[in-house]
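Peer 1: Before I ask anything, here is the structure I am working with.
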Amino acid sequence: MSVTAATRSTPQVVTRRDWEGSSFPRQVWVLTGRSMQALKDRRLLVMSVLQPLIMLALFSQVFKGMAFAPGFPRGVDYIDYLMPAILVTTGSQAAMWAGAGLANDLKNGALARLRTLPISMFSLLTARSVFDAVRNTIQLSTLLLGAVVLFGFNPSGGVPGTLAALGLALIVGWGLSWLFMALGVWVRNLEVMQMIGMVAVFPLMFASNAFAPLESLPGWLQAIAKVNPLSYAINGSRGLALGNLDLSPIFWAVVISCVIALIGAVAAGRGIRKP
Amino acid sequence: MPDLMIDAKDLTRTFGDVTALDRVSLQVPRGTVTALLGHNGAGKTTLVNVLSTILPQDGGSARVAGFDVATQGHRVRSRIGLTGQFASVDEQLSGTQNLALIARLLGASKPEARQRTAELLELFDLADAAGRKVSTYSGGMKRRLDLAASLVGHPDVVFLDEPTTGLDPTSRLGMWDIVERLVDDGTTVLLTTQYLEEADRLADAVTVLSNGRVVAAGSAVELKASVGQRTVALTVTDANRVPEALASLRAAGFDPLHEGSRNRKITIPVEAANALAAVVRALDAAGTEVSELALHEPTLDDVYLTLTHQAAA
């Protein structure tokens, strides 16, 4: 090390600093910037776009036959039926990964230093949420583009309907990200979070009307799907894309998302203060 | 700035059944170094966490840099730096990004952050690696970056939790250098350690913790003088020459300990460190060859045993 008593010729040192801390918005801005560094990892970028596209390809081809299932809306292409659901489910999965990432960060001490700074730990959560929303927007937009170009996604709601469906999926994803952040903050274990993803989130994707109309599901699955909040979100998103202006599912999806976000925010805010 | 930069009274903290801190009091005057000495589990890290506002206390009070840790945590945090035993740096960012992030969070403008970051990287010999991700750094580099990170805001009080545990001797010396420089600049330092030698070398005052309680406090010299026994341990090359060596040592005024006829090791309790010279002279006089000769300072165990024995009595 160059730090010895002999080398007194230190570089020009800033005299006694007058930094008086940063405001909440500034903290969020700086911390969001920190998360944004992750976007620079090409591999991560490619993976996060590729995975949903692959899912889309698989589901659209494997389940094409669903178009002939009872209850399937007439005159609608399967891809137009499927895509809004994929937007919601991809957003939900991304939210789960956000929570897992936070759990991991908390566990491996990357955030330990932030606790010793005069900042609000809540700004860290907010920054994550903002970053998450940005990443989600990029991911889902790219997915939409892929669906249009590769699979002929062309719903009757046109561009406005599609954008509205995207917006709804983003709101649902945002609400869920707070829920999963709360979970991550309390669980603080990557493996457990992944398990929750496998055991809870993934099955919920299927126990819904994402891939097939409710009526075509066996009785017990239908029952679960009916209470599955994802079903409402999917209904709303689908309605917007297809141009059915049934406001009820849209309204409920937004309300539930806000409620979940609030609960998640409070729980996460409490939990993150524990060292 | 207050004269007492750390003023803790009767701090108590429990985790379930375990009492990690049991009415611990501590005072650290400005510009001095205090060492917290104790084994693992003694409560050192808990105390540091309470004083740096990371953990709330269950009882007692503490003021750091003039502010109450319980009610003015924010202001405490704007004046302290903390370096833990495990480097808490963000491995996905570069060295520069890590430091700049902290500077900006403390309120620095972008140019100020850049400047401060450059200063610290230069000081800690990390300028070359500054642009690389921290995940590519060696363990020693991560530690240096961690320490640099705790100094970004020119803290008035720096907490160092076991700063040299696990470091090789060269790095340890380097770390001691840094601590001494910090004090030269007027910073108040509280460091925790398991090594009496470290406390001895760096600290103006030492507080010994055992099972969450303060069992002794004073200067390092006072502590070592009051407990433990220096010894000189030597190994004679030829077992047959032991009796002569023993006789010579006794003649010189020592009281050597030796057991067994084939045992080549002799232990001699001594008072002063310069007794080593006298031992060598005595051995020379007997013409004894030794293969090993060392002066052993009282160990932490000696201090502990004595202090806890005294505390129990």
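As shown in the structure tokens, the chain order sets the letters A, B, ...; within each chain, residues go from 1, and ligands are also counted from 1 in the order they appear.
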Would you pick out the contacts of Met121 in chain A at 9 Å or less, using only C-alpha atoms, so that residues sharing its chain but fewer than 3 positions from it are not included, and give the list as a ChimeraX atom specification?
Peer 2: /A:114-115,124-126,269,272-273
Peer 1: For the selection just defined, write its residues with C-alpha atoms to a file, as a JSON list (two decimals), in the first residue's frame.
Peer 2:
```
[["chain", "number", "residue", "atom", "x", "y", "z"],
["A", 114, "LEU", "CA", -26.25, 2.03, 2.77],
["A", 115, "ARG", "CA", -27.53, 1.51, 6.29],
["A", 124, "LEU", "CA", -33.74, 2.15, -1.83],
["A", 125, "LEU", "CA", -37.04, 0.34, -2.22],
["A", 126, "THR", "CA", -38.50, 3.16, -4.26],
["A", 269, "GLY", "CA", -40.45, -0.38, 4.59],
["A", 272, "ILE", "CA", -35.80, -3.32, 5.47],
["A", 273, "ARG", "CA", -34.85, -1.40, 8.58]]
```
Peer 1: As a list of chain:residue names, could you give me every residue of chain B near chain A (at most 7 Å apart, counting only C-alpha atoms)?
Peer 2: B:Ser52, B:Ile54, B:Leu55, B:His74, B:Arg75, B:Arg77, B:Ser78, B:Leu82, B:Ser88, B:Val89, B:Asp90, B:Leu101, B:Leu105, B:Leu106, B:Gly107, B:Ala108, B:Arg116, B:Glu119, B:Leu123, B:Phe124, B:Asp125, B:Gly174, B:Asp177, B:Ile178
Peer 1: Go ahead and save the residues from that selection, with C-alpha atoms, as a PDB file, in the first residue's frame.
Peer 2:
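This is the output file part21.pdb:
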```
ATOM      1  CA  SER B  52     -23.598   3.379  14.464  1.00  0.00           C
ATOM      2  CA  ILE B  54     -27.772   0.114  12.705  1.00  0.00           C
ATOM      3  CA  LEU B  55     -29.311  -1.660  15.686  1.00  0.00           C
ATOM      4  CA  HIS B  74     -29.850  10.518  10.699  1.00  0.00           C
ATOM      5  CA  ARG B  75     -27.421  13.117  11.994  1.00  0.00           C
ATOM      6  CA  ARG B  77     -24.987   8.673  10.281  1.00  0.00           C
ATOM      7  CA  SER B  78     -23.905  11.821   8.489  1.00  0.00           C
ATOM      8  CA  LEU B  82     -18.203   2.131   9.491  1.00  0.00           C
ATOM      9  CA  SER B  88     -19.653  -4.332   2.250  1.00  0.00           C
ATOM     10  CA  VAL B  89     -19.085  -3.052  -1.215  1.00  0.00           C
ATOM     11  CA  ASP B  90     -21.272  -3.479  -4.265  1.00  0.00           C
ATOM     12  CA  LEU B 101     -22.461   6.634  -5.197  1.00  0.00           C
ATOM     13  CA  LEU B 105     -25.881  10.101  -1.386  1.00  0.00           C
ATOM     14  CA  LEU B 106     -24.079  12.210   1.191  1.00  0.00           C
ATOM     15  CA  GLY B 107     -25.000  15.288  -0.793  1.00  0.00           C
ATOM     16  CA  ALA B 108     -21.970  15.896  -2.975  1.00  0.00           C
ATOM     17  CA  ARG B 116     -13.352  12.919  -3.589  1.00  0.00           C
ATOM     18  CA  GLU B 119      -8.523  11.293  -3.880  1.00  0.00           C
ATOM     19  CA  LEU B 123      -4.766   7.192  -1.242  1.00  0.00           C
ATOM     20  CA  PHE B 124      -5.727   3.550  -1.022  1.00  0.00           C
ATOM     21  CA  ASP B 125      -3.714   2.473  -4.028  1.00  0.00           C
ATOM     22  CA  GLY B 174      -0.784  -1.039   6.168  1.00  0.00           C
ATOM     23  CA  ASP B 177      -0.739   2.980   9.198  1.00  0.00           C
ATOM     24  CA  ILE B 178      -4.083   4.197   7.951  1.00  0.00           C
TER      25      ILE B 178
END
```
Peer 1: Just want the 12 Å neighbourhood of range 127-132 of chain A, counted on only C-alpha atoms, with same-chain residues fewer than 3 positions away dropped. Output as an NGL selection string.
Peer 2: :A and (24-39 or 91-102 or 105 or 120-124 or 135-140 or 170-171 or 173-182 or 261 or 264-265 or 268)
Peer 1: Residues of the last selection are to be written out with C-alpha atoms, as a PDB file, in the first residue's frame.
Peer 2:
```pdb
ATOM      1  CA  PHE A  24     -35.383  11.772  -0.877  1.00  0.00           C
ATOM      2  CA  PRO A  25     -35.847  12.333  -4.625  1.00  0.00           C
ATOM      3  CA  ARG A  26     -32.099  12.694  -5.041  1.00  0.00           C
ATOM      4  CA  GLN A  27     -31.519   9.458  -3.150  1.00  0.00           C
ATOM      5  CA  VAL A  28     -34.007   7.649  -5.356  1.00  0.00           C
ATOM      6  CA  TRP A  29     -32.402   9.115  -8.471  1.00  0.00           C
ATOM      7  CA  VAL A  30     -28.883   8.088  -7.434  1.00  0.00           C
ATOM      8  CA  LEU A  31     -29.938   4.623  -6.317  1.00  0.00           C
ATOM      9  CA  THR A  32     -31.952   4.036  -9.464  1.00  0.00           C
ATOM     10  CA  GLY A  33     -28.821   4.919 -11.401  1.00  0.00           C
ATOM     11  CA  ARG A  34     -27.031   2.235  -9.452  1.00  0.00           C
ATOM     12  CA  SER A  35     -29.588  -0.396 -10.461  1.00  0.00           C
ATOM     13  CA  MET A  36     -29.439   0.796 -14.033  1.00  0.00           C
ATOM     14  CA  GLN A  37     -25.854  -0.407 -14.178  1.00  0.00           C
ATOM     15  CA  ALA A  38     -27.294  -3.888 -14.253  1.00  0.00           C
ATOM     16  CA  LEU A  39     -28.932  -3.107 -17.583  1.00  0.00           C
ATOM     17  CA  GLY A  91     -44.743  -8.818 -15.683  1.00  0.00           C
ATOM     18  CA  SER A  92     -45.637 -10.959 -12.694  1.00  0.00           C
ATOM     19  CA  GLN A  93     -42.635 -13.183 -13.083  1.00  0.00           C
ATOM     20  CA  ALA A  94     -40.381 -10.158 -13.416  1.00  0.00           C
ATOM     21  CA  ALA A  95     -41.819  -8.831 -10.167  1.00  0.00           C
ATOM     22  CA  MET A  96     -40.929 -12.085  -8.492  1.00  0.00           C
ATOM     23  CA  TRP A  97     -37.347 -11.837  -9.715  1.00  0.00           C
ATOM     24  CA  ALA A  98     -37.142  -8.279  -8.438  1.00  0.00           C
ATOM     25  CA  GLY A  99     -38.048  -9.513  -4.970  1.00  0.00           C
ATOM     26  CA  ALA A 100     -35.530 -12.328  -5.229  1.00  0.00           C
ATOM     27  CA  GLY A 101     -32.813  -9.889  -6.284  1.00  0.00           C
ATOM     28  CA  LEU A 102     -33.537  -7.716  -3.291  1.00  0.00           C
ATOM     29  CA  ASP A 105     -28.697  -8.134  -2.058  1.00  0.00           C
ATOM     30  CA  SER A 120     -33.872   6.640   4.081  1.00  0.00           C
ATOM     31  CA  MET A 121     -33.884   2.905   3.405  1.00  0.00           C
ATOM     32  CA  PHE A 122     -37.237   3.419   1.796  1.00  0.00           C
ATOM     33  CA  SER A 123     -35.548   5.344  -0.985  1.00  0.00           C
ATOM     34  CA  LEU A 124     -33.743   2.149  -1.827  1.00  0.00           C
ATOM     35  CA  ARG A 135     -37.056  -2.637 -17.044  1.00  0.00           C
ATOM     36  CA  ASN A 136     -40.534  -4.068 -17.305  1.00  0.00           C
ATOM     37  CA  THR A 137     -41.513  -1.450 -19.841  1.00  0.00           C
ATOM     38  CA  ILE A 138     -38.532  -2.304 -21.989  1.00  0.00           C
ATOM     39  CA  GLN A 139     -39.098  -6.008 -21.663  1.00  0.00           C
ATOM     40  CA  LEU A 140     -42.818  -5.968 -22.396  1.00  0.00           C
ATOM     41  CA  LEU A 170     -47.256  -2.558 -16.176  1.00  0.00           C
ATOM     42  CA  ILE A 171     -49.512  -1.350 -13.383  1.00  0.00           C
ATOM     43  CA  GLY A 173     -46.453  -5.664 -12.433  1.00  0.00           C
ATOM     44  CA  TRP A 174     -45.715  -2.556 -10.380  1.00  0.00           C
ATOM     45  CA  GLY A 175     -48.162  -3.551  -7.667  1.00  0.00           C
ATOM     46  CA  LEU A 176     -46.760  -7.060  -7.556  1.00  0.00           C
ATOM     47  CA  SER A 177     -43.182  -5.810  -7.385  1.00  0.00           C
ATOM     48  CA  TRP A 178     -43.962  -4.124  -4.068  1.00  0.00           C
ATOM     49  CA  LEU A 179     -45.487  -7.360  -2.830  1.00  0.00           C
ATOM     50  CA  PHE A 180     -42.454  -9.360  -3.809  1.00  0.00           C
ATOM     51  CA  MET A 181     -40.081  -6.754  -2.409  1.00  0.00           C
ATOM     52  CA  ALA A 182     -41.874  -7.086   0.919  1.00  0.00           C
ATOM     53  CA  ALA A 261     -48.559  -1.932  -3.666  1.00  0.00           C
ATOM     54  CA  GLY A 264     -46.164  -4.264   0.113  1.00  0.00           C
ATOM     55  CA  ALA A 265     -44.648  -0.829   0.580  1.00  0.00           C
ATOM     56  CA  ALA A 268     -41.129  -3.725   2.955  1.00  0.00           C
TER      57      ALA A 268
END
```
Peer 1: For Asp146 in chain B, please output as a list in words all residues within 10 Å (counting only C-alpha atoms; exclusion window: fewer than 2 positions along the same chain).
Peer 2: Arg113 of chain A; Leu82, Thr83, Gly84, Gln85, Phe86, Ala87, Ser88, Val89, Asp90, Gly95, Asn98, Leu99, Gly140, Met141, Lys142, Arg143, Arg144, Ala148, Ala149, Ser150 and Leu151 of chain B
Peer 1: Considering only alpha helix (DSSP H) as DSSP defines it on the backbone, what residues of range 43-233 of chain B qualify? List them as number ranges by chain.
Peer 2: B: 44-51, 73-77, 95-106, 110-123, 139-151, 169-184, 196-202, 220-226
Peer 1: For the residues in the current selection, export C-alpha atoms as a PDB file, in the first residue's frame.
Peer 2:
```
ATOM      1  CA  LYS B  44     -18.128  -6.045  20.191  1.00  0.00           C
ATOM      2  CA  THR B  45     -19.973  -6.025  16.897  1.00  0.00           C
ATOM      3  CA  THR B  46     -23.318  -5.528  18.629  1.00  0.00           C
ATOM      4  CA  LEU B  47     -21.950  -2.510  20.438  1.00  0.00           C
ATOM      5  CA  VAL B  48     -20.584  -1.054  17.221  1.00  0.00           C
ATOM      6  CA  ASN B  49     -23.912  -1.665  15.498  1.00  0.00           C
ATOM      7  CA  VAL B  50     -25.793   0.102  18.255  1.00  0.00           C
ATOM      8  CA  LEU B  51     -23.425   3.071  18.245  1.00  0.00           C
ATOM      9  CA  GLY B  73     -29.875   8.628  13.960  1.00  0.00           C
ATOM     10  CA  HIS B  74     -29.850  10.518  10.699  1.00  0.00           C
ATOM     11  CA  ARG B  75     -27.421  13.117  11.994  1.00  0.00           C
ATOM     12  CA  VAL B  76     -25.227  10.489  13.588  1.00  0.00           C
ATOM     13  CA  ARG B  77     -24.987   8.673  10.281  1.00  0.00           C
ATOM     14  CA  GLY B  95     -14.482   1.000  -7.416  1.00  0.00           C
ATOM     15  CA  THR B  96     -15.133   4.485  -8.731  1.00  0.00           C
ATOM     16  CA  GLN B  97     -18.864   3.909  -8.954  1.00  0.00           C
ATOM     17  CA  ASN B  98     -19.009   2.559  -5.412  1.00  0.00           C
ATOM     18  CA  LEU B  99     -17.342   5.630  -3.940  1.00  0.00           C
ATOM     19  CA  ALA B 100     -19.110   8.123  -6.160  1.00  0.00           C
ATOM     20  CA  LEU B 101     -22.461   6.634  -5.197  1.00  0.00           C
ATOM     21  CA  ILE B 102     -21.746   7.191  -1.532  1.00  0.00           C
ATOM     22  CA  ALA B 103     -20.512  10.713  -2.098  1.00  0.00           C
ATOM     23  CA  ARG B 104     -23.654  11.622  -4.031  1.00  0.00           C
ATOM     24  CA  LEU B 105     -25.881  10.101  -1.386  1.00  0.00           C
ATOM     25  CA  LEU B 106     -24.079  12.210   1.191  1.00  0.00           C
ATOM     26  CA  LYS B 110     -21.122  15.297  -9.358  1.00  0.00           C
ATOM     27  CA  PRO B 111     -17.794  17.145  -9.652  1.00  0.00           C
ATOM     28  CA  GLU B 112     -17.257  16.986  -5.884  1.00  0.00           C
ATOM     29  CA  ALA B 113     -18.033  13.283  -5.911  1.00  0.00           C
ATOM     30  CA  ARG B 114     -15.584  12.721  -8.738  1.00  0.00           C
ATOM     31  CA  GLN B 115     -12.848  14.599  -6.929  1.00  0.00           C
ATOM     32  CA  ARG B 116     -13.352  12.919  -3.589  1.00  0.00           C
ATOM     33  CA  THR B 117     -13.479   9.518  -5.284  1.00  0.00           C
ATOM     34  CA  ALA B 118     -10.223  10.164  -7.097  1.00  0.00           C
ATOM     35  CA  GLU B 119      -8.523  11.293  -3.880  1.00  0.00           C
ATOM     36  CA  LEU B 120      -9.512   8.196  -1.993  1.00  0.00           C
ATOM     37  CA  LEU B 121      -8.662   5.783  -4.783  1.00  0.00           C
ATOM     38  CA  GLU B 122      -5.215   7.338  -4.994  1.00  0.00           C
ATOM     39  CA  LEU B 123      -4.766   7.192  -1.242  1.00  0.00           C
ATOM     40  CA  GLY B 139      -9.768  -9.689  -0.954  1.00  0.00           C
ATOM     41  CA  GLY B 140      -7.275  -7.092   0.195  1.00  0.00           C
ATOM     42  CA  MET B 141      -8.424  -4.612  -2.431  1.00  0.00           C
ATOM     43  CA  LYS B 142     -12.044  -5.064  -1.426  1.00  0.00           C
ATOM     44  CA  ARG B 143     -11.109  -4.353   2.164  1.00  0.00           C
ATOM     45  CA  ARG B 144      -9.260  -1.192   1.168  1.00  0.00           C
ATOM     46  CA  LEU B 145     -12.200  -0.069  -0.897  1.00  0.00           C
ATOM     47  CA  ASP B 146     -14.486  -0.777   2.035  1.00  0.00           C
ATOM     48  CA  LEU B 147     -12.351   1.410   4.270  1.00  0.00           C
ATOM     49  CA  ALA B 148     -12.189   4.120   1.628  1.00  0.00           C
ATOM     50  CA  ALA B 149     -15.971   3.952   1.378  1.00  0.00           C
ATOM     51  CA  SER B 150     -16.320   4.623   5.080  1.00  0.00           C
ATOM     52  CA  LEU B 151     -14.147   7.720   4.743  1.00  0.00           C
ATOM     53  CA  PRO B 169       0.992  -9.282   8.119  1.00  0.00           C
ATOM     54  CA  THR B 170       1.838  -6.737   5.429  1.00  0.00           C
ATOM     55  CA  SER B 171      -1.758  -5.720   4.957  1.00  0.00           C
ATOM     56  CA  ARG B 172      -2.169  -5.542   8.695  1.00  0.00           C
ATOM     57  CA  LEU B 173       0.690  -3.065   8.971  1.00  0.00           C
ATOM     58  CA  GLY B 174      -0.784  -1.039   6.168  1.00  0.00           C
ATOM     59  CA  MET B 175      -4.113  -0.931   7.960  1.00  0.00           C
ATOM     60  CA  TRP B 176      -2.427   0.222  11.165  1.00  0.00           C
ATOM     61  CA  ASP B 177      -0.739   2.980   9.198  1.00  0.00           C
ATOM     62  CA  ILE B 178      -4.083   4.197   7.951  1.00  0.00           C
ATOM     63  CA  VAL B 179      -5.583   4.221  11.411  1.00  0.00           C
ATOM     64  CA  GLU B 180      -2.684   6.232  12.729  1.00  0.00           C
ATOM     65  CA  ARG B 181      -3.057   8.728   9.914  1.00  0.00           C
ATOM     66  CA  LEU B 182      -6.747   9.061  10.631  1.00  0.00           C
ATOM     67  CA  VAL B 183      -6.012   9.999  14.169  1.00  0.00           C
ATOM     68  CA  ASP B 184      -3.410  12.498  13.034  1.00  0.00           C
ATOM     69  CA  LEU B 196      -4.054  -7.497  22.350  1.00  0.00           C
ATOM     70  CA  GLU B 197      -1.120  -6.541  20.181  1.00  0.00           C
ATOM     71  CA  GLU B 198      -3.332  -4.478  17.921  1.00  0.00           C
ATOM     72  CA  ALA B 199      -4.973  -2.746  20.838  1.00  0.00           C
ATOM     73  CA  ASP B 200      -1.588  -2.138  22.297  1.00  0.00           C
ATOM     74  CA  ARG B 201      -0.178  -0.652  19.132  1.00  0.00           C
ATOM     75  CA  LEU B 202      -3.056   1.581  18.128  1.00  0.00           C
ATOM     76  CA  ALA B 220      -3.218  -0.725  27.072  1.00  0.00           C
ATOM     77  CA  VAL B 221      -0.128  -0.341  29.224  1.00  0.00           C
ATOM     78  CA  GLU B 222      -2.171  -0.348  32.413  1.00  0.00           C
ATOM     79  CA  LEU B 223      -4.029  -3.432  31.286  1.00  0.00           C
ATOM     80  CA  LYS B 224      -0.988  -5.452  30.396  1.00  0.00           C
ATOM     81  CA  ALA B 225       0.841  -4.375  33.503  1.00  0.00           C
ATOM     82  CA  SER B 226      -2.009  -5.457  35.712  1.00  0.00           C
TER      83      SER B 226
END
```
Peer 1: Could you give me, as number ranges by chain, the residues within 12 Å of Leu247 in chain A, counting only C-alpha atoms and dropping anything in the same chain fewer than 6 positions from it?
Peer 2: A: 232-233, 235-240, 253-254
Peer 1: Could you dump the residues just selected with C-alpha atoms as a compact mmCIF listing (two decimals), in the first residue's frame?
Peer 2:
```
# COMPACT_ATOMS: atom_id res chain seq x y z
CA TYR A 232 -58.79 -10.22 -13.51
CA ALA A 233 -55.69 -8.55 -14.73
CA ASN A 235 -59.26 -10.15 -18.47
CA GLY A 236 -58.67 -6.46 -18.27
CA SER A 237 -55.62 -6.56 -20.46
CA ARG A 238 -57.30 -8.78 -22.98
CA GLY A 239 -60.39 -6.63 -23.05
CA LEU A 240 -58.36 -3.55 -23.80
CA ALA A 253 -57.08 -4.92 -11.56
CA VAL A 254 -55.93 -1.35 -10.98
```
Peer 1: Mind pulling up the distance from CA of Ser109 in chain B to CA of Ser94 in chain B?
Peer 2: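 The value is 19.1 Å.
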Peer 1: Find the spatial neighbours of Met5 in chain B, counting only C-alpha atoms, within a cut-off of 9 Å - ignore same-chain residues fewer than 2 positions away - and output them as a list in words.
Peer 2: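 In the requested form, the answer reads Met1, Pro2, Asp3, Asp7, Gln27, Val28, Pro29, Arg30, Gly31, Arg63, Val64, Ala65, Gly66, Asp156, Val157 and Thr188 of chain B.
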Peer 1: Save the residues we just selected, C-alpha atoms, as a PDB file, in the first residue's frame?
Peer 2:
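See selection.pdb below for the written result:
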```pdb
ATOM      1  CA  MET B   1     -17.925  19.359  18.304  1.00  0.00           C
ATOM      2  CA  PRO B   2     -18.229  17.750  21.714  1.00  0.00           C
ATOM      3  CA  ASP B   3     -15.226  16.555  23.691  1.00  0.00           C
ATOM      4  CA  ASP B   7     -20.677   8.685  25.128  1.00  0.00           C
ATOM      5  CA  GLN B  27     -16.517   7.125  26.609  1.00  0.00           C
ATOM      6  CA  VAL B  28     -14.230   8.043  23.768  1.00  0.00           C
ATOM      7  CA  PRO B  29     -12.721  11.539  23.724  1.00  0.00           C
ATOM      8  CA  ARG B  30     -12.300  13.363  20.448  1.00  0.00           C
ATOM      9  CA  GLY B  31      -9.220  12.570  18.389  1.00  0.00           C
ATOM     10  CA  ARG B  63     -24.494   9.950  21.965  1.00  0.00           C
ATOM     11  CA  VAL B  64     -22.158   9.791  19.006  1.00  0.00           C
ATOM     12  CA  ALA B  65     -20.600  12.939  17.558  1.00  0.00           C
ATOM     13  CA  GLY B  66     -22.904  14.856  19.845  1.00  0.00           C
ATOM     14  CA  ASP B 156     -15.722  12.611  12.616  1.00  0.00           C
ATOM     15  CA  VAL B 157     -15.999   9.133  14.090  1.00  0.00           C
ATOM     16  CA  THR B 188     -11.997   9.678  16.515  1.00  0.00           C
TER      17      THR B 188
END
```
Peer 1: Tell me which protein, DNA and RNA residues are within 9 Å of Thr192 in chain B, counting only C-alpha atoms, leaving out same-chain ones fewer than 6 positions away, and put them as a ChimeraX atom specification.
Peer 2: /B:34-38,44-45,48,159-163,199
Peer 1: So, counting only C-alpha atoms, which residue among B:Ser61, B:Thr53, B:Thr14, B:Gln72 is closest to Leu26 in chain B?
Peer 2: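 Answer, going by the shortest atom-to-atom distance: B:Ser61.
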Peer 1: Just the strand (DSSP E or B) stuff from range 13-225 of chain B, please, per backbone DSSP, written as a ChimeraX atom specification.
Peer 2: /B:13-15,18-29,33-37,59-64,67-68,80-83,94,133,157-161,188-193,205-210,213-218
